[in-house]
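As provided, run_1.cif (mmCIF, C-alpha atoms) reads as follows.
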data_target
#
loop_
_atom_site.label_atom_id
_atom_site.label_comp_id
_atom_site.auth_asym_id
_atom_site.auth_seq_id
_atom_site.Cartn_x
_atom_site.Cartn_y
_atom_site.Cartn_z
CA MET A 1 -19.51 -4.50 -9.64
CA ASP A 2 -18.17 -4.43 -6.14
CA LEU A 3 -17.34 -0.91 -5.14
CA LEU A 4 -16.35 -0.25 -1.59
CA LEU A 5 -15.99 3.26 -0.19
CA LYS A 6 -15.00 3.42 3.46
CA ASN A 7 -14.14 6.23 5.80
CA ILE A 8 -14.57 8.84 3.06
CA SER A 9 -13.84 12.40 4.07
CA LEU A 10 -13.43 15.04 1.39
CA PRO A 11 -13.74 18.67 2.48
CA LEU A 12 -15.81 20.74 0.03
CA ALA A 13 -16.62 24.45 0.01
CA SER A 14 -19.63 24.40 2.33
CA PHE A 15 -19.61 20.87 3.76
CA ALA A 16 -17.58 17.69 3.68
CA LEU A 17 -18.33 14.57 1.70
CA GLU A 18 -18.43 11.93 4.43
CA MET A 19 -19.71 8.43 3.86
CA ASP A 20 -19.28 4.69 4.01
CA LEU A 21 -20.78 2.91 1.06
CA GLU A 22 -20.89 -0.55 -0.49
CA ILE A 23 -22.21 -0.83 -4.02
CA HIS A 24 -23.05 -4.09 -5.73
CA GLY A 25 -24.92 -4.03 -8.99
CA GLN A 26 -24.78 -3.01 -12.60
CA ALA A 27 -26.40 0.39 -13.07
CA ILE A 28 -26.42 2.51 -9.95
CA ALA A 29 -28.01 5.93 -9.74
CA ILE A 30 -26.48 8.57 -7.51
CA PHE A 31 -29.47 10.77 -6.87
CA GLY A 32 -29.67 14.08 -5.06
CA PRO A 33 -30.20 17.80 -5.40
CA SER A 34 -27.68 20.13 -7.04
CA GLY A 35 -24.71 20.80 -4.78
CA ALA A 36 -25.19 17.59 -2.78
CA GLY A 37 -21.68 16.34 -3.55
CA LYS A 38 -22.54 13.89 -6.35
CA THR A 39 -19.91 15.15 -8.80
CA SER A 40 -17.30 15.27 -6.04
CA LEU A 41 -18.05 11.63 -5.29
CA LEU A 42 -17.47 10.68 -8.94
CA ASP A 43 -14.28 12.78 -9.03
CA LEU A 44 -13.07 10.97 -5.94
CA ILE A 45 -13.72 7.54 -7.45
CA ALA A 46 -12.04 8.62 -10.71
CA GLY A 47 -8.95 9.75 -8.80
CA LEU A 48 -9.35 13.45 -9.54
CA ARG A 49 -9.66 14.63 -5.92
CA ARG A 50 -7.41 14.11 -2.93
CA PRO A 51 -9.52 13.14 0.07
CA ALA A 52 -8.53 13.77 3.68
CA THR A 53 -9.27 10.10 4.35
CA ALA A 54 -10.60 7.37 2.09
CA PHE A 55 -10.48 3.70 1.30
CA ILE A 56 -11.78 2.95 -2.20
CA GLN A 57 -11.74 -0.53 -3.66
CA PHE A 58 -13.22 -1.60 -6.98
CA ASP A 59 -13.62 -5.29 -7.85
CA GLY A 60 -10.93 -6.24 -5.33
CA ARG A 61 -8.40 -3.62 -6.46
CA VAL A 62 -7.52 -0.89 -3.98
CA LEU A 63 -7.67 2.47 -5.76
CA THR A 64 -7.22 4.75 -2.78
CA ASP A 65 -6.13 4.02 0.75
CA THR A 66 -5.01 7.14 2.54
CA SER A 67 -3.93 5.16 5.61
CA GLN A 68 -1.39 3.29 3.44
CA ARG A 69 -0.68 6.29 1.18
CA VAL A 70 -2.03 4.38 -1.79
CA ARG A 71 -3.50 6.43 -4.60
CA VAL A 72 -3.70 4.88 -8.05
CA PRO A 73 -3.40 7.73 -10.59
CA ALA A 74 -6.53 8.58 -12.59
CA ARG A 75 -4.86 7.38 -15.79
CA GLN A 76 -4.36 3.88 -14.38
CA ARG A 77 -7.78 3.34 -12.81
CA GLY A 78 -9.53 2.02 -15.90
CA ILE A 79 -12.52 4.23 -15.15
CA GLY A 80 -14.38 5.96 -17.98
CA TYR A 81 -15.76 9.33 -16.98
CA VAL A 82 -18.28 11.50 -18.82
CA PRO A 83 -18.44 14.76 -16.87
CA GLN A 84 -21.44 17.05 -16.90
CA ASP A 85 -19.73 19.61 -19.14
CA LEU A 86 -18.48 16.71 -21.33
CA ALA A 87 -14.95 18.18 -21.47
CA LEU A 88 -14.54 17.45 -25.17
CA PHE A 89 -11.19 18.76 -26.38
CA PRO A 90 -12.14 21.78 -28.49
CA HIS A 91 -8.92 21.88 -30.51
CA LEU A 92 -9.27 18.28 -31.68
CA SER A 93 -11.64 16.79 -34.23
CA VAL A 94 -14.29 14.29 -33.21
CA ARG A 95 -12.10 11.44 -34.39
CA GLN A 96 -9.08 12.75 -32.45
CA ASN A 97 -11.26 13.08 -29.36
CA LEU A 98 -12.51 9.53 -29.78
CA LEU A 99 -9.03 8.09 -30.24
CA TYR A 100 -7.42 10.10 -27.43
CA GLY A 101 -7.68 7.30 -24.90
CA HIS A 102 -8.50 4.42 -27.20
CA LYS A 103 -7.19 1.09 -26.03
CA ALA A 104 -7.65 -1.93 -28.21
CA ASP A 105 -8.99 -4.64 -25.93
CA GLY A 106 -8.26 -8.07 -27.34
CA ASN A 107 -10.58 -9.90 -24.96
CA THR A 108 -13.88 -8.36 -25.92
CA ASN A 109 -14.21 -9.45 -29.57
CA GLY A 110 -14.36 -5.95 -30.90
CA LEU A 111 -16.98 -4.81 -28.39
CA PHE A 112 -14.92 -1.72 -27.59
CA SER A 113 -13.75 -1.08 -31.14
CA VAL A 114 -14.16 2.34 -32.75
CA GLU A 115 -16.42 0.82 -35.40
CA HIS A 116 -18.75 -0.84 -32.92
CA ILE A 117 -19.00 2.03 -30.47
CA THR A 118 -19.56 4.69 -33.12
CA GLU A 119 -22.21 2.43 -34.69
CA VAL A 120 -24.01 1.88 -31.36
CA LEU A 121 -24.04 5.62 -30.68
CA GLU A 122 -24.74 6.55 -34.31
CA ILE A 123 -21.81 8.91 -34.68
CA GLN A 124 -19.96 7.16 -37.53
CA SER A 125 -20.25 10.16 -39.83
CA LEU A 126 -18.96 12.77 -37.39
CA GLY A 127 -15.24 11.87 -37.40
CA ALA A 128 -13.87 14.81 -39.35
CA ARG A 129 -16.12 17.40 -37.73
CA GLY A 130 -14.90 19.88 -35.15
CA ILE A 131 -16.38 19.88 -31.67
CA TYR A 132 -17.98 23.28 -32.19
CA ASP A 133 -19.85 21.93 -35.21
CA LEU A 134 -21.74 19.32 -33.18
CA SER A 135 -25.24 19.58 -31.74
CA GLY A 136 -25.79 19.05 -28.01
CA GLY A 137 -26.91 15.46 -28.51
CA GLU A 138 -23.98 14.66 -30.78
CA LYS A 139 -21.52 16.09 -28.25
CA GLN A 140 -23.10 13.94 -25.57
CA ARG A 141 -22.67 10.78 -27.63
CA VAL A 142 -19.09 11.64 -28.65
CA ALA A 143 -18.15 12.14 -24.99
CA LEU A 144 -19.75 8.82 -24.10
CA ALA A 145 -18.01 7.07 -26.99
CA ARG A 146 -14.66 8.58 -26.00
CA ALA A 147 -15.01 7.19 -22.48
CA LEU A 148 -16.10 3.77 -23.78
CA LEU A 149 -13.15 3.58 -26.17
CA THR A 150 -10.76 3.33 -23.22
CA SER A 151 -12.30 -0.12 -22.54
CA PRO A 152 -13.15 0.93 -18.99
CA ARG A 153 -14.08 -1.41 -16.18
CA LEU A 154 -16.42 1.16 -14.67
CA LEU A 155 -18.30 4.02 -16.28
CA LEU A 156 -19.09 7.25 -14.45
CA LEU A 157 -21.80 9.41 -15.99
CA ASP A 158 -22.40 12.83 -14.46
CA GLU A 159 -25.85 14.15 -15.33
CA PRO A 160 -25.43 13.20 -19.00
CA LEU A 161 -28.88 14.47 -19.96
CA ALA A 162 -29.12 17.53 -17.73
CA SER A 163 -28.17 20.07 -20.38
CA LEU A 164 -30.49 18.65 -23.05
CA ASP A 165 -34.08 19.60 -23.77
CA ALA A 166 -36.85 17.04 -23.32
CA ALA A 167 -36.91 15.99 -26.98
CA LEU A 168 -33.15 15.43 -27.11
CA ARG A 169 -33.24 13.66 -23.75
CA ALA A 170 -35.77 11.20 -25.13
CA LYS A 171 -33.46 10.62 -28.09
CA ILE A 172 -30.31 10.00 -26.03
CA LEU A 173 -31.90 7.85 -23.31
CA PRO A 174 -32.18 4.76 -25.56
CA HIS A 175 -28.51 5.11 -26.45
CA LEU A 176 -27.61 5.02 -22.76
CA ALA A 177 -29.85 1.98 -22.26
CA ARG A 178 -28.17 0.27 -25.21
CA VAL A 179 -24.72 1.02 -23.78
CA ARG A 180 -25.83 -0.43 -20.44
CA ASP A 181 -27.20 -3.60 -22.02
CA GLU A 182 -24.65 -4.16 -24.76
CA PHE A 183 -21.39 -3.42 -22.95
CA LYS A 184 -22.46 -4.89 -19.59
CA LEU A 185 -20.38 -2.19 -17.96
CA PRO A 186 -20.98 -1.29 -14.35
CA MET A 187 -22.01 2.33 -14.26
CA LEU A 188 -22.59 5.04 -11.70
CA TYR A 189 -25.15 7.44 -13.05
CA VAL A 190 -25.43 10.81 -11.35
CA THR A 191 -28.74 12.58 -11.82
CA HIS A 192 -31.35 14.65 -10.09
CA ASN A 193 -34.05 13.45 -12.46
CA PRO A 194 -36.14 10.56 -11.02
CA ASP A 195 -37.31 9.52 -14.52
CA GLU A 196 -33.73 8.76 -15.55
CA VAL A 197 -33.23 6.71 -12.37
CA THR A 198 -36.24 4.54 -13.06
CA ALA A 199 -35.48 4.22 -16.79
CA LEU A 200 -31.84 3.19 -16.50
CA CYS A 201 -30.82 1.98 -13.06
CA ASP A 202 -31.35 -1.01 -10.77
CA GLU A 203 -30.28 0.64 -7.56
CA VAL A 204 -30.37 4.17 -6.24
CA ILE A 205 -28.17 5.91 -3.71
CA VAL A 206 -29.52 9.19 -2.43
CA ILE A 207 -27.01 11.84 -1.39
CA ASN A 208 -27.72 15.03 0.47
CA SER A 209 -25.16 17.54 1.75
CA GLY A 210 -22.33 15.07 1.27
CA ARG A 211 -23.94 12.22 3.19
CA ILE A 212 -25.83 9.09 2.22
CA ALA A 213 -29.52 9.72 2.76
CA GLY A 214 -30.72 6.38 1.44
CA GLN A 215 -29.85 3.30 -0.63
CA SER A 216 -32.32 0.88 -2.14
CA PRO A 217 -33.24 -1.07 -5.27
CA VAL A 218 -35.01 1.22 -7.73
CA SER A 219 -38.08 -1.07 -7.56
CA GLU A 220 -38.43 -0.22 -3.87
CA TRP A 221 -37.51 3.41 -4.22
CA LYS A 222 -40.08 5.99 -3.26
CA VAL A 223 -39.75 8.61 -5.98
CA PRO A 224 -39.54 12.04 -4.35
CA GLN A 225 -42.41 14.38 -5.18
CA THR A 226 -41.35 17.71 -6.65
CA MET B 1 20.81 52.81 -45.11
CA ASN B 2 24.45 51.80 -45.14
CA GLY B 3 25.94 48.41 -44.38
CA GLU B 4 26.64 49.30 -40.77
CA ALA B 5 23.00 50.26 -40.21
CA TRP B 6 21.77 46.99 -41.72
CA GLN B 7 24.24 45.09 -39.54
CA ILE B 8 22.70 46.79 -36.49
CA VAL B 9 19.17 45.94 -37.65
CA TRP B 10 20.06 42.30 -38.26
CA PHE B 11 22.00 42.00 -34.99
CA THR B 12 19.10 43.49 -33.03
CA ALA B 13 16.49 41.27 -34.71
CA TRP B 14 18.65 38.16 -34.36
CA VAL B 15 19.54 38.70 -30.69
CA SER B 16 15.88 39.58 -29.93
CA VAL B 17 14.69 36.32 -31.50
CA LEU B 18 17.40 34.38 -29.66
CA SER B 19 16.58 35.96 -26.29
CA THR B 20 12.86 35.23 -26.78
CA LEU B 21 13.63 31.59 -27.56
CA ALA B 22 16.07 31.38 -24.65
CA ILE B 23 13.52 32.56 -22.08
CA LEU B 24 10.71 30.42 -23.54
CA PRO B 25 11.28 27.24 -21.46
CA PHE B 26 11.74 29.21 -18.24
CA GLY B 27 8.81 31.48 -19.01
CA LEU B 28 6.50 28.56 -19.74
CA GLY B 29 7.67 26.69 -16.64
CA VAL B 30 7.15 29.64 -14.31
CA ALA B 31 3.83 30.56 -15.95
CA TRP B 32 2.51 27.01 -15.65
CA LEU B 33 3.53 26.74 -12.00
CA LEU B 34 1.92 30.09 -11.20
CA ALA B 35 -1.25 29.21 -13.12
CA ARG B 36 -1.78 25.74 -11.72
CA PHE B 37 -0.33 25.58 -8.21
CA SER B 38 -0.36 27.41 -4.89
CA TRP B 39 2.51 27.32 -2.44
CA PRO B 40 3.84 29.46 0.40
CA GLY B 41 5.83 32.34 -1.06
CA LYS B 42 4.05 32.26 -4.42
CA SER B 43 3.41 36.01 -4.26
CA LEU B 44 7.17 36.53 -3.91
CA VAL B 45 7.78 34.66 -7.17
CA GLU B 46 4.95 36.61 -8.83
CA THR B 47 6.57 39.88 -7.73
CA LEU B 48 10.04 38.81 -8.85
CA VAL B 49 8.67 37.83 -12.27
CA SER B 50 7.08 41.26 -12.72
CA LEU B 51 9.93 43.26 -11.21
CA PRO B 52 11.77 44.04 -14.49
CA LEU B 53 8.55 45.64 -15.73
CA VAL B 54 8.51 48.26 -12.99
CA LEU B 55 12.17 48.68 -12.07
CA PRO B 56 14.02 51.32 -14.11
CA PRO B 57 15.77 49.32 -16.87
CA VAL B 58 19.07 50.93 -15.89
CA ALA B 59 18.60 49.60 -12.34
CA THR B 60 17.95 46.10 -13.69
CA GLY B 61 21.04 46.52 -15.85
CA LEU B 62 23.10 47.51 -12.84
CA ILE B 63 21.95 44.43 -10.94
CA LEU B 64 22.88 42.26 -13.93
CA LEU B 65 26.24 44.02 -14.18
CA GLN B 66 26.96 43.21 -10.53
CA ILE B 67 26.02 39.55 -10.99
CA LEU B 68 27.57 38.96 -14.42
CA GLY B 69 30.72 41.06 -14.10
CA ARG B 70 34.07 39.37 -13.56
CA ARG B 71 33.75 40.00 -9.86
CA GLY B 72 30.08 39.01 -9.75
CA ALA B 73 28.79 35.66 -8.49
CA ILE B 74 27.95 34.22 -11.90
CA GLY B 75 30.42 36.26 -13.98
CA SER B 76 33.45 35.18 -11.95
CA PHE B 77 32.37 31.53 -12.15
CA LEU B 78 31.91 31.69 -15.93
CA HIS B 79 35.25 33.44 -16.38
CA ARG B 80 37.12 31.03 -14.10
CA GLN B 81 35.56 27.79 -15.33
CA PHE B 82 34.95 28.49 -19.03
CA ASP B 83 37.01 31.61 -19.76
CA LEU B 84 33.69 33.17 -20.77
CA ASP B 85 32.89 36.85 -20.45
CA VAL B 86 29.33 38.14 -20.52
CA VAL B 87 29.65 41.84 -19.80
CA PHE B 88 30.34 44.00 -22.90
CA THR B 89 29.72 41.08 -25.26
CA TRP B 90 26.73 39.95 -27.36
CA ARG B 91 25.96 37.52 -24.54
CA GLY B 92 25.39 40.49 -22.27
CA VAL B 93 22.95 41.91 -24.82
CA LEU B 94 21.18 38.55 -24.97
CA ILE B 95 20.81 38.31 -21.19
CA ALA B 96 19.70 41.93 -20.80
CA LEU B 97 17.04 41.50 -23.47
CA GLY B 98 15.92 38.18 -22.01
CA VAL B 99 15.58 39.52 -18.47
CA MET B 100 13.74 42.66 -19.57
CA SER B 101 11.26 40.79 -21.80
CA PHE B 102 10.74 37.81 -19.47
CA PRO B 103 7.77 39.34 -17.57
CA LEU B 104 5.80 39.92 -20.76
CA LEU B 105 6.21 36.33 -21.86
CA ALA B 106 5.56 34.85 -18.41
CA ARG B 107 2.48 36.97 -17.75
CA SER B 108 0.90 36.26 -21.14
CA ALA B 109 1.66 32.54 -20.84
CA ARG B 110 0.26 32.45 -17.31
CA MET B 111 -2.99 34.02 -18.47
CA ALA B 112 -3.12 31.58 -21.35
CA PHE B 113 -2.62 28.59 -19.01
CA GLU B 114 -5.23 29.95 -16.59
CA ASN B 115 -7.72 30.13 -19.44
CA VAL B 116 -7.35 26.41 -20.15
CA ASN B 117 -10.20 24.61 -18.42
CA PRO B 118 -8.55 22.31 -15.83
CA ARG B 119 -11.44 19.90 -16.34
CA LEU B 120 -10.07 19.09 -19.80
CA GLU B 121 -6.74 18.13 -18.26
CA GLU B 122 -8.44 16.01 -15.59
CA ILE B 123 -10.56 14.14 -18.12
CA ALA B 124 -7.50 13.58 -20.30
CA ARG B 125 -5.97 11.81 -17.29
CA THR B 126 -8.99 9.53 -16.95
CA LEU B 127 -8.44 8.70 -20.64
CA GLY B 128 -5.02 7.33 -19.76
CA ALA B 129 -2.76 10.33 -20.38
CA GLY B 130 0.18 11.07 -18.09
CA ASN B 131 1.25 14.57 -17.08
CA VAL B 132 3.60 15.12 -20.02
CA ARG B 133 1.02 13.96 -22.57
CA VAL B 134 -1.67 16.10 -20.96
CA PHE B 135 0.62 19.13 -21.09
CA CYS B 136 1.74 18.54 -24.67
CA THR B 137 -1.61 17.55 -26.17
CA ILE B 138 -4.13 19.56 -24.14
CA THR B 139 -2.62 22.40 -22.12
CA LEU B 140 -0.01 23.65 -24.58
CA PRO B 141 -2.17 23.62 -27.75
CA LEU B 142 -5.06 25.34 -25.96
CA ALA B 143 -2.72 27.97 -24.51
CA SER B 144 -0.69 28.34 -27.70
CA ARG B 145 -2.29 31.56 -28.94
CA GLY B 146 -1.57 33.34 -25.67
CA ILE B 147 1.94 31.91 -25.54
CA ILE B 148 2.76 32.99 -29.09
CA GLY B 149 1.25 36.39 -28.35
CA GLY B 150 3.50 36.62 -25.29
CA MET B 151 6.52 35.62 -27.36
CA VAL B 152 5.79 38.34 -29.89
CA LEU B 153 5.41 40.92 -27.12
CA ALA B 154 8.68 39.74 -25.56
CA PHE B 155 10.36 40.01 -28.96
CA ALA B 156 9.00 43.54 -29.43
CA ARG B 157 10.17 44.52 -25.95
CA ALA B 158 13.63 43.11 -26.70
CA LEU B 159 13.80 45.09 -29.95
CA GLY B 160 13.40 48.34 -28.07
CA GLU B 161 15.49 47.58 -24.98
CA PHE B 162 17.95 50.29 -24.05
CA GLY B 163 18.71 50.88 -20.35
CA ALA B 164 19.67 47.40 -19.20
CA THR B 165 21.54 46.69 -22.44
CA ILE B 166 23.79 49.73 -22.21
CA MET B 167 24.64 48.89 -18.59
CA VAL B 168 25.51 45.24 -19.23
CA ALA B 169 26.85 45.31 -22.78
CA GLY B 170 27.77 48.92 -23.42
CA ASN B 171 27.59 50.29 -26.96
CA ILE B 172 30.43 48.70 -28.87
CA PRO B 173 30.07 49.21 -32.65
CA GLY B 174 29.80 45.91 -34.50
CA LYS B 175 29.62 43.97 -31.23
CA THR B 176 26.85 45.13 -28.93
CA THR B 177 25.16 48.05 -30.66
CA THR B 178 21.43 47.52 -30.99
CA LEU B 179 18.83 49.65 -32.78
CA SER B 180 17.96 51.68 -29.68
CA LEU B 181 21.58 52.30 -28.81
CA ALA B 182 22.37 53.29 -32.39
CA ILE B 183 19.46 55.75 -32.55
CA PHE B 184 20.59 57.32 -29.29
CA GLU B 185 24.18 57.54 -30.46
CA ASN B 186 23.24 59.04 -33.85
CA VAL B 187 21.10 61.71 -32.17
CA GLN B 188 23.95 62.47 -29.79
CA LEU B 189 26.32 62.89 -32.73
CA GLY B 190 23.85 65.06 -34.66
CA GLN B 191 23.40 62.43 -37.39
CA ASP B 192 19.65 62.89 -37.51
CA PRO B 193 18.94 61.33 -40.97
CA GLN B 194 20.57 58.04 -39.90
CA ALA B 195 18.72 58.17 -36.56
CA TYR B 196 15.38 58.65 -38.36
CA ARG B 197 16.08 55.78 -40.75
CA LEU B 198 16.79 53.47 -37.81
CA LEU B 199 13.74 54.87 -36.06
CA ALA B 200 11.59 53.96 -39.08
CA VAL B 201 12.92 50.40 -39.03
CA SER B 202 12.21 50.19 -35.27
CA VAL B 203 8.66 51.44 -35.73
CA VAL B 204 7.95 48.97 -38.54
CA LEU B 205 9.35 46.01 -36.59
CA ALA B 206 7.65 46.94 -33.32
CA PHE B 207 4.34 47.79 -35.00
CA GLY B 208 4.33 44.51 -36.89
CA ALA B 209 5.14 42.50 -33.78
CA VAL B 210 2.52 44.17 -31.56
CA TRP B 211 -0.12 44.07 -34.29
CA TYR B 212 0.50 40.36 -34.79
CA SER B 213 0.37 39.80 -31.05
CA GLU B 214 -2.94 41.69 -30.72
CA TRP B 215 -4.34 39.68 -33.61
CA LEU B 216 -3.34 36.45 -31.90
CA LEU B 217 -4.71 37.48 -28.52
CA ARG B 218 -8.05 38.80 -29.73
CA PRO B 219 -11.06 36.88 -28.41
CA LYS B 220 -12.07 33.98 -30.62
CA LYS B 221 -15.51 34.28 -32.17
CA ARG B 222 -17.55 31.07 -31.80
#
Once you've parsed the file, please lay out its structure as structure tokens.
Amino acid sequence: MDLLLKNISLPLASFALEMDLEIHGQAIAIFGPSGAGKTSLLDLIAGLRRPATAFIQFDGRVLTDTSQRVRVPARQRGIGYVPQDLALFPHLSVRQNLLYGHKADGNTNGLFSVEHITEVLEIQSLGARGIYDLSGGEKQRVALARALLTSPRLLLLDEPLASLDAALRAKILPHLARVRDEFKLPMLYVTHNPDEVTALCDEVIVINSGRIAGQSPVSEWKVPQT
Amino acid sequence: MNGEAWQIVWFTAWVSVLSTLAILPFGLGVAWLLARFSWPGKSLVETLVSLPLVLPPVATGLILLQILGRRGAIGSFLHRQFDLDVVFTWRGVLIALGVMSFPLLARSARMAFENVNPRLEEIARTLGAGNVRVFCTITLPLASRGIIGGMVLAFARALGEFGATIMVAGNIPGKTTTLSLAIFENVQLGQDPQAYRLLAVSVVLAFGAVWYSEWLLRPKKR
């Protein structure tokens, strides 16, 4: 992926997200403490926030350029987003959630088909269930599958394991690794857990109080001591 | 109950349903704007929406009479362009009921929209949905219980409307007489048994509507 973020300024409640950032790679961790601006950064890339200033370009396509009043709507960005609270639609069944944004992609030989994605994430049998009938891990996988079914060009994952206990986290982590390897999708993975960074990502960007505090390959990253 | 009494009951129920349906698009539009957006002067709109709740109904009726009468801004236009009269017709009843019940619908719908997690709408957009699809498939279904509850309350309010109706539409037997007006008239004329029969019908209709609305608006157990 080639993701370019220049001249970013997004006022938040207690500080402003301000950064210039170039990202090249496949699985990138956005690492930082709670309230550092990580989710706001994902929202900005997804087109869900209006920045004061920003130039955002993904794989050569300008998504936001405030100087030229360019702002591609979220629905046209081709970005899959799994937010921290998952945002599964509670009034729809699992199957209806999955199909909400489903786009058949003829160029990927069924890679992004319902059958393949539900098989990879082991949720084939959940279709008729309601969202409230799912366990935490199942909800997590349904939300991931729903984002994948839009055949996105970039996947944003916001602390996908944060709400799960250690046992469930260990169960979901291989699914995320399989998604990374099988779909070859560029992904930005927000977390404040160093173990997830080292297990899933090649590069890490550290954010603190809305600013870039570091960027390096994970192999060279000095894991912060807690 | 005689045929005239049943005619009054049916007319009142019918015009109450019609007024509730007529204010629905406006009520939903205003409620959605108030729930989702901020703009200068928003508090003015909020106050205007709630005004019929606190103004004496007769005062609201007088305002409507001034606007809708043949010399009023809207009334004169309708009479001139379409030869249409509102005052002292069933249309006057419809408008009086709609105006008086509008705040109940708009306030319930606003609360219902505010209770829809905006994150769901945002994520629906990232899944490729445009504004209309998001509204129809996410916002509206999730707010539907509150909206239906508001409609039922508006209907119940319309059933019992008196002050504004008598100002705008008068009390013309067979044309504009509603349940409330008929009860009042029967009491005035000393026809208490008929008044009590109409009262019983009013209580049953209003009780049923409010009970249904409370049932719809009760917190969901999960």
inquiry  = Which residues are close to Asp65 in chain A, i.e. within 9 Å by all atoms listed in the file, leaving aside same-chain residues fewer than 6 positions away? Reply as a PyMOL selection string.
reply    = chain A and resi 53-57+71
query = Looking at B:Ala156, B:Val134, B:Ala106, B:Ala169, which one is nearest to Arg75 in chain A, with distances taken over only C-alpha atoms?
reply =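 With only C-alpha atoms as the atom set, the closest residue is B:Val134.
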Result set of the PyMOL selection byres ((chain B and resi 193-202) around 8) on the coordinates above, as a list in words =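 Selection result, ordered by chain and number: Met1, Ala5, Val9, Leu159, Gly160, Leu179, Ala182, Ile183, Phe184, Asn186, Val187, Gln191, Asp192, Val203, Val204, Leu205 and Ala206 of chain B.
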task = Between CA of Leu188 in chain A and CA of Gly37 in chain A, measure the distance and give it in Å to one decimal.
result = 14.0 Å
request  = Check which residues satisfy the PyMOL selection byres ((chain A) within 6 of (chain B)) in the file shown, then give them as a VMD selection string.
outcome  = chain A and resid 74 to 75 87 101
Could you save the residues just selected, with C-alpha atoms, as a PDB file, in the frame of the given file?
ATOM      1  CA  ALA A  74      -6.530   8.580 -12.590  1.00  0.00           C
ATOM      2  CA  ARG A  75      -4.860   7.380 -15.790  1.00  0.00           C
ATOM      3  CA  ALA A  87     -14.950  18.180 -21.470  1.00  0.00           C
ATOM      4  CA  GLY A 101      -7.680   7.300 -24.900  1.00  0.00           C
TER       5      GLY A 101
END
request  = With a distance cut-off of 8 Å and all atoms listed in the file, select the neighbouring residues of Leu111 in chain A, excluding the residue or stretch itself and same-chain residues fewer than 4 positions from it, and output the selection as a PyMOL selection string.
outcome  = chain A and resi 116-117+183
For the selection you just gave me, I'd like the residues written to a file as a PDB file, in the frame of the given file, keeping C-alpha atoms.
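What follows is the written file out_12.pdb:
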ATOM      1  CA  HIS A 116     -18.750  -0.840 -32.920  1.00  0.00           C
ATOM      2  CA  ILE A 117     -19.000   2.030 -30.470  1.00  0.00           C
ATOM      3  CA  PHE A 183     -21.390  -3.420 -22.950  1.00  0.00           C
TER       4      PHE A 183
END
inquiry  = Selection in question (the file shown): the PyMOL selection byres ((chain B and resi 101) around 12). Which residues does it include, as number ranges by chain?
reply    = B: 16-24, 27, 49-54, 57, 60, 94-100, 102-108, 150-162, 164-165
key: Contacts of range 162-171 of chain A within 12 Å, only C-alpha atoms, excl. fewer than 6 positions in-chain, as JSON, numbers by chain   = {"A": [34, 83, 84, 85, 86, 121, 122, 135, 136, 137, 138, 139, 140, 141, 177, 178, 189, 190, 191, 192, 193, 194, 195, 196, 199]}
ask   = With only C-alpha atoms as the atoms that count, which of A:Val223, A:Ile123, A:Leu10, A:Val114 lies nearest to Asp43 in chain A?
value =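 Of A:Val223, A:Ile123, A:Leu10, A:Val114, the one nearest Asp43 in chain A is A:Leu10, counting only C-alpha atoms.
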query = Of the candidates A:Leu144, A:Ala36, A:Gly127, A:Leu161, which shows the shortest atom-to-atom distance to Arg180 in chain A, using all atoms listed in the file?
reply =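 Checking each of A:Leu144, A:Ala36, A:Gly127, A:Leu161 against Arg180 in chain A, counting all atoms listed in the file, the winner is A:Leu144.
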ask   = Which protein, DNA or RNA residues are at most 9 Å from (-2.1, 13.2, -5.9) in the file's coordinates when you count all atoms listed in the file, listed as a list in words?
value =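 Using all atoms listed in the file, the matching residues come out as Gly47, Leu48, Arg49, Arg50, Arg71, Val72 and Pro73 of chain A.
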task = Tell me, in Å to one decimal, how far CA of Ile8 in chain B is from CA of Val168 in chain B.
result =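 Atom-to-atom, CA of Ile8 in chain B and CA of Val168 in chain B are spaced 17.6 Å apart.
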note = Separating CA of Arg70 in chain B from CA of Glu185 in chain B, to the nearest tenth of an Å, is a gap of 26.7 Å
query = Which residue, A:Leu44, A:Ile23, A:Ala29, A:Leu92, has the smallest gap to Pro11 in chain A when you use only C-alpha atoms?
reply =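 Smallest separation from Pro11 in chain A among the options: A:Leu44.
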